[in-house]
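The structure under discussion appears below in the form of structure tokens.
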Amino acid sequence: MRPLTFRRLLWTCGGLAVLLLACVVLALKLGAVPISVTDLVLDLGRIAIGRANELPTEYRLIVFDLRLPRILLGILVGAALSVSGASFQALLRNPLADPYVLGVSSGAALGSILALIIAPGFALVTPLGAFLGAIATIAGVYFLGRREGQLDSTTLLLGGIICASFFSAIIMFLLTTLSGRDLRGMVFWLMGDLSTPVSAGMQWIFTVGLIAGIGAIYSTSADLNLLLTGEREAIHLGVDVTRVKLVVYVSASLLTALAVSASGAIGYVGLLVPHAVRLIFGSDYRLLIPASALCGAIAIVLADTLARTIVPPTELPVGAMTAMAGAPVFIYLLRRGLR
Amino acid sequence: MSAHDTFAQTAGGREDRPHREQAVRLNVEQASYAYSPSELSAPTFTLGATSFQAREREIVAILGPNASGKSTLLRLITGTIEPLSGRVELDGEETSRLDVRTRAQRIAVVHQESPIVYPALAGDFVLQGRFPYGRALRFANPEDIEIARNALAQVGAEHLSKRTIGELSGGEKQRVILARALAQQPRLILLDEPTLHLDIGAQVELLERLRQLAQENRYTVVVVTHELGLAAEFADQVVLLQHGRCLRVGPPAAVYQKELLEQVFDAPLDVELGPAGRPRVNLRARRGEDIT
């Protein structure tokens, strides 16, 4: 028996946080304008002691006005998507569940675009529309996936994928009929992209939403462990299944909506990251949730750095990177599950 | 297992006659239920009024063919559904009125095995039985680990604690699931067709173990089964169901009547009385249908 202890939880998360920090430094360094690590560390030190004004302007612009906000956004998005993926996997008892595969991301994207059309110029409208879109989609996919009162894994995934392509078609329709918009930018956004800057106010909303969402899911992590062994069993072991499901569905939808309204539909992160974390640290949700959040942040920061630097000076959408890595793994997991 | 200190019983000096003077633990009184697709339409299945009582250390078998209402009765006892009429009480409290946590501290349910999505160590699986006692994130404390270890030992499965559930045989898996139920330290253990995927040796072993555990830990055990032979051999009481009606309640010798069982199970049977006063049931081939 090797039950999870608080100590092991702290050590693991601490280690991953250090790793994330290292990735952030690496991501700050790499790019069209190379910057040496020593300079970077020294400058970070200068900022820490409040002497940021001594830095050269052009350089400060690149590192702290262009690269750093993008990295921070990547951290938020990666953590949100990974945690919502891990949560959907427990709720639906399906190791292949992921906000992108289930169509929740596309639902959120459609919701935010519709909201922009209906009420433009209102700051909160995008995340709110995304949230409504996400929650409507997961409810719809859930009912599509039910057969004779049982949740059928294959039907569920198929339902999600169909919803995703249906929503993408509607989004395409809306975008082409709406003239005067930057179509290429929108297509990038649909693929999942971190290059669109986010206003300071929105950054606060994202941060608060992320902490609230992950916190709510984390408070049910012991229940999720039992839910994985089956709903009936969970009830008989004392889990308030209705409450837990409600909390986690709403929170996971919120996290997906935040990620989508910040960066579009970045796919497969919610699938890849929790799987990797499970392989390394086991499938106890009390560790899986925070470890997935940190590893998801690492994954997105690295993927986005790669997307920025792989074909300079052009930048790829980060969603293209994650899809290239994620789709083959999805097929592999699907085949393995079928055996 | 402090909550089930076997010495508590000896203090009363009644350990030699456990069935006679003890209070009723489980009281099912005229309980009925009806499933309807919606509130207005006629019920698709009904379980008629059913009554029986069980004391601690007793094993009750709920016996019947498929679609006889066994699972419905089981759900009524677990309190996940509320009886349409009548009542189901555990130590005087209605099981459907208990909150999930309290219920899980008093009633453990062993289901037919359900698929495991992610690999888990058998030991961690048994620790899940401590869930209703923990708070917040439920990091296991030394006492929980000790209880889980004891539970595994009681089913003779200590050596399995570091194996993953997926690699266990049917009998081993069943023992680990039973150990999780023991770790809940319940008063009542319910088992739903526990012998379904077991070979005959493992079936007998499981039921002997249940009888022994019921004695030692003062559990009341309710087993849902369609295995006539095993119920006759191990149950103190049998509740016989057919088409949602409770036909008989009583000790096996009283319930096992040839004509009754033949009619309920729709098969030609021979019933004889064994040496310990327990009936034996044999399947009899229909005359003229022997394969020559």
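Ligands are numbered from 1 in the order shown, residues from 1 within each chain, and chains are lettered A, B, ... in the order they appear in the structure tokens.
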
### Task
For chain B, report every residue with an atom at most 8 Å from chain A (counting only C-alpha atoms), formatted as JSON, numbers by chain.
{"B": [100, 101, 102, 103, 104, 105, 107, 108, 109, 111, 114, 115, 116, 117, 118, 119, 120, 121, 122, 123, 124, 128, 129, 131, 132, 136, 137, 138, 139, 140, 161, 162, 184]}

### Task
Would you list the contacts of region 21-31 of chain B as a PyMOL selection string, taking every protein, DNA or RNA residue within 10 Å and counting only C-alpha atoms, but skipping same-chain residues closer than 2 positions in sequence?
chain B and resi 14+17-19+33+47-58+73+76-77+82-95+187-188+219-222

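Around Leu160 (chain B), within 10 Å and counting only C-alpha atoms, the residues found are Met1 of chain A; Leu121, Ala122, Gly123, Leu152, Ala153, Gly156, Thr164, Ile165, Leu168, Glu172, Lys173, Arg175 and Val176 of chain B, once anything fewer than 4 positions away on its own chain is removed.
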
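Reported to one decimal place, the separation of CA of Met191 (chain A) from CA of Tyr268 (chain A) is 11.8 Å.
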
Find the spatial neighbours of region 263-275 of chain B, counting only C-alpha atoms, within a cut-off of 8 Å - ignore same-chain residues fewer than 6 positions away - and output them as a PDB file with N, CA and C atoms, in the first residue's frame.
ATOM      1  N   GLY B  64     -34.315 -15.798  -6.045  1.00  0.00           N
ATOM      2  CA  GLY B  64     -35.354 -15.750  -7.064  1.00  0.00           C
ATOM      3  C   GLY B  64     -34.741 -15.808  -8.439  1.00  0.00           C
ATOM      4  N   PRO B  65     -35.546 -16.157  -9.446  1.00  0.00           N
ATOM      5  CA  PRO B  65     -35.025 -16.163 -10.819  1.00  0.00           C
ATOM      6  C   PRO B  65     -34.819 -14.725 -11.308  1.00  0.00           C
ATOM      7  N   GLN B 242     -40.698 -13.970  -6.643  1.00  0.00           N
ATOM      8  CA  GLN B 242     -41.029 -14.331  -8.025  1.00  0.00           C
ATOM      9  C   GLN B 242     -41.906 -13.234  -8.607  1.00  0.00           C
ATOM     10  N   ALA B 253     -34.981 -24.784   5.286  1.00  0.00           N
ATOM     11  CA  ALA B 253     -35.738 -26.030   5.370  1.00  0.00           C
ATOM     12  C   ALA B 253     -37.236 -25.776   5.191  1.00  0.00           C
ATOM     13  N   TYR B 256     -37.721 -24.326   1.202  1.00  0.00           N
ATOM     14  CA  TYR B 256     -37.386 -25.234   0.104  1.00  0.00           C
ATOM     15  C   TYR B 256     -38.384 -26.380   0.033  1.00  0.00           C
ATOM     16  N   GLN B 257     -39.500 -26.144  -0.640  1.00  0.00           N
ATOM     17  CA  GLN B 257     -40.453 -27.213  -0.913  1.00  0.00           C
ATOM     18  C   GLN B 257     -40.431 -27.490  -2.395  1.00  0.00           C
ATOM     19  N   VAL B 281     -30.667 -29.383  -3.058  1.00  0.00           N
ATOM     20  CA  VAL B 281     -31.453 -29.279  -4.285  1.00  0.00           C
ATOM     21  C   VAL B 281     -30.677 -29.907  -5.425  1.00  0.00           C
ATOM     22  N   ASN B 282     -31.329 -30.776  -6.159  1.00  0.00           N
ATOM     23  CA  ASN B 282     -30.690 -31.358  -7.332  1.00  0.00           C
ATOM     24  C   ASN B 282     -31.552 -31.103  -8.555  1.00  0.00           C
ATOM     25  N   LEU B 283     -30.882 -30.835  -9.655  1.00  0.00           N
ATOM     26  CA  LEU B 283     -31.593 -30.676 -10.909  1.00  0.00           C
ATOM     27  C   LEU B 283     -31.901 -32.063 -11.454  1.00  0.00           C
ATOM     28  N   ARG B 284     -33.161 -32.261 -11.878  1.00  0.00           N
ATOM     29  CA  ARG B 284     -33.567 -33.581 -12.389  1.00  0.00           C
ATOM     30  C   ARG B 284     -33.860 -33.416 -13.878  1.00  0.00           C
ATOM     31  N   ALA B 285     -33.264 -34.298 -14.671  1.00  0.00           N
ATOM     32  CA  ALA B 285     -33.531 -34.235 -16.110  1.00  0.00           C
ATOM     33  C   ALA B 285     -34.968 -34.656 -16.377  1.00  0.00           C
ATOM     34  N   ARG B 286     -35.618 -33.987 -17.330  1.00  0.00           N
ATOM     35  CA  ARG B 286     -37.002 -34.346 -17.659  1.00  0.00           C
ATOM     36  C   ARG B 286     -37.050 -35.726 -18.300  1.00  0.00           C
TER      37      ARG B 286
END

### Message
What's around Ala67 (chain B) at 10 Å? Count only C-alpha atoms, leave out sequence neighbours fewer than 3 positions away in its own chain, and write the answer as a list in words.
### Response
Phe45, Gly64, Lys70, Ser71, Thr72, Leu241, Gln242, His243 and Gly244 of chain B

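Across the model, the gap from CA of His197 (chain B) to CA of Gly277 (chain B) is 28.6 Å.
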
### Message
Using only C-alpha atoms, which protein or nucleic acid residues come within 10 Å of region 111-126 of chain A? Drop anything in the same chain fewer than 5 positions from it, and give the result as a list in words.
### Response
Ser105, Ser106, Phe131, Leu132, Gly133, Ala134, Ile135, Ala136, Thr137, Phe167, Ile171, Leu174, Leu175, Leu178, Ser199, Gly201, Met202, Ile205, Ala257, Leu258, Val260, Ser261, Ala262 and Gly264 of chain A

#### Entry: Who sits within 12 Å of Arg7 (chain A), only C-alpha atoms, same chain under 5 positions skipped, as JSON, numbers by chain
{"A": [12, 13, 14, 287], "B": [139]}

### Query
If you run DSSP on the backbone, which residues of region 120-320 of chain A are alpha helix (DSSP H), as JSON, numbers by chain?
{"A": [125, 126, 127, 128, 129, 130, 131, 132, 133, 134, 135, 136, 137, 138, 139, 140, 141, 142, 143, 144, 153, 154, 155, 156, 157, 158, 159, 160, 161, 162, 163, 164, 165, 166, 167, 168, 169, 170, 171, 172, 173, 174, 175, 176, 177, 183, 184, 185, 186, 187, 188, 189, 190, 191, 200, 201, 202, 203, 204, 205, 206, 207, 208, 209, 210, 211, 212, 213, 214, 215, 216, 217, 218, 219, 221, 222, 223, 224, 225, 226, 227, 231, 232, 233, 234, 235, 236, 241, 242, 243, 244, 245, 246, 247, 248, 249, 250, 251, 252, 253, 254, 255, 256, 257, 258, 259, 260, 261, 262, 263, 269, 270, 271, 272, 273, 274, 275, 276, 277, 278, 279, 280, 281, 285, 286, 287, 288, 289, 290, 291, 292, 293, 294, 295, 296, 297, 298, 299, 300, 301, 302, 303, 304, 305, 306, 307, 308, 309, 318, 319, 320]}

#### Entry: Using only C-alpha atoms: which of B:Arg280, B:Arg135, B:Arg211, B:Arg75 has the shortest distance to Ala232 (chain B)
B:Arg280

### Task
Work out how far CA of Val250 (chain A) is from CA of Thr154 (chain A), in Å to one decimal.
23.2 Å
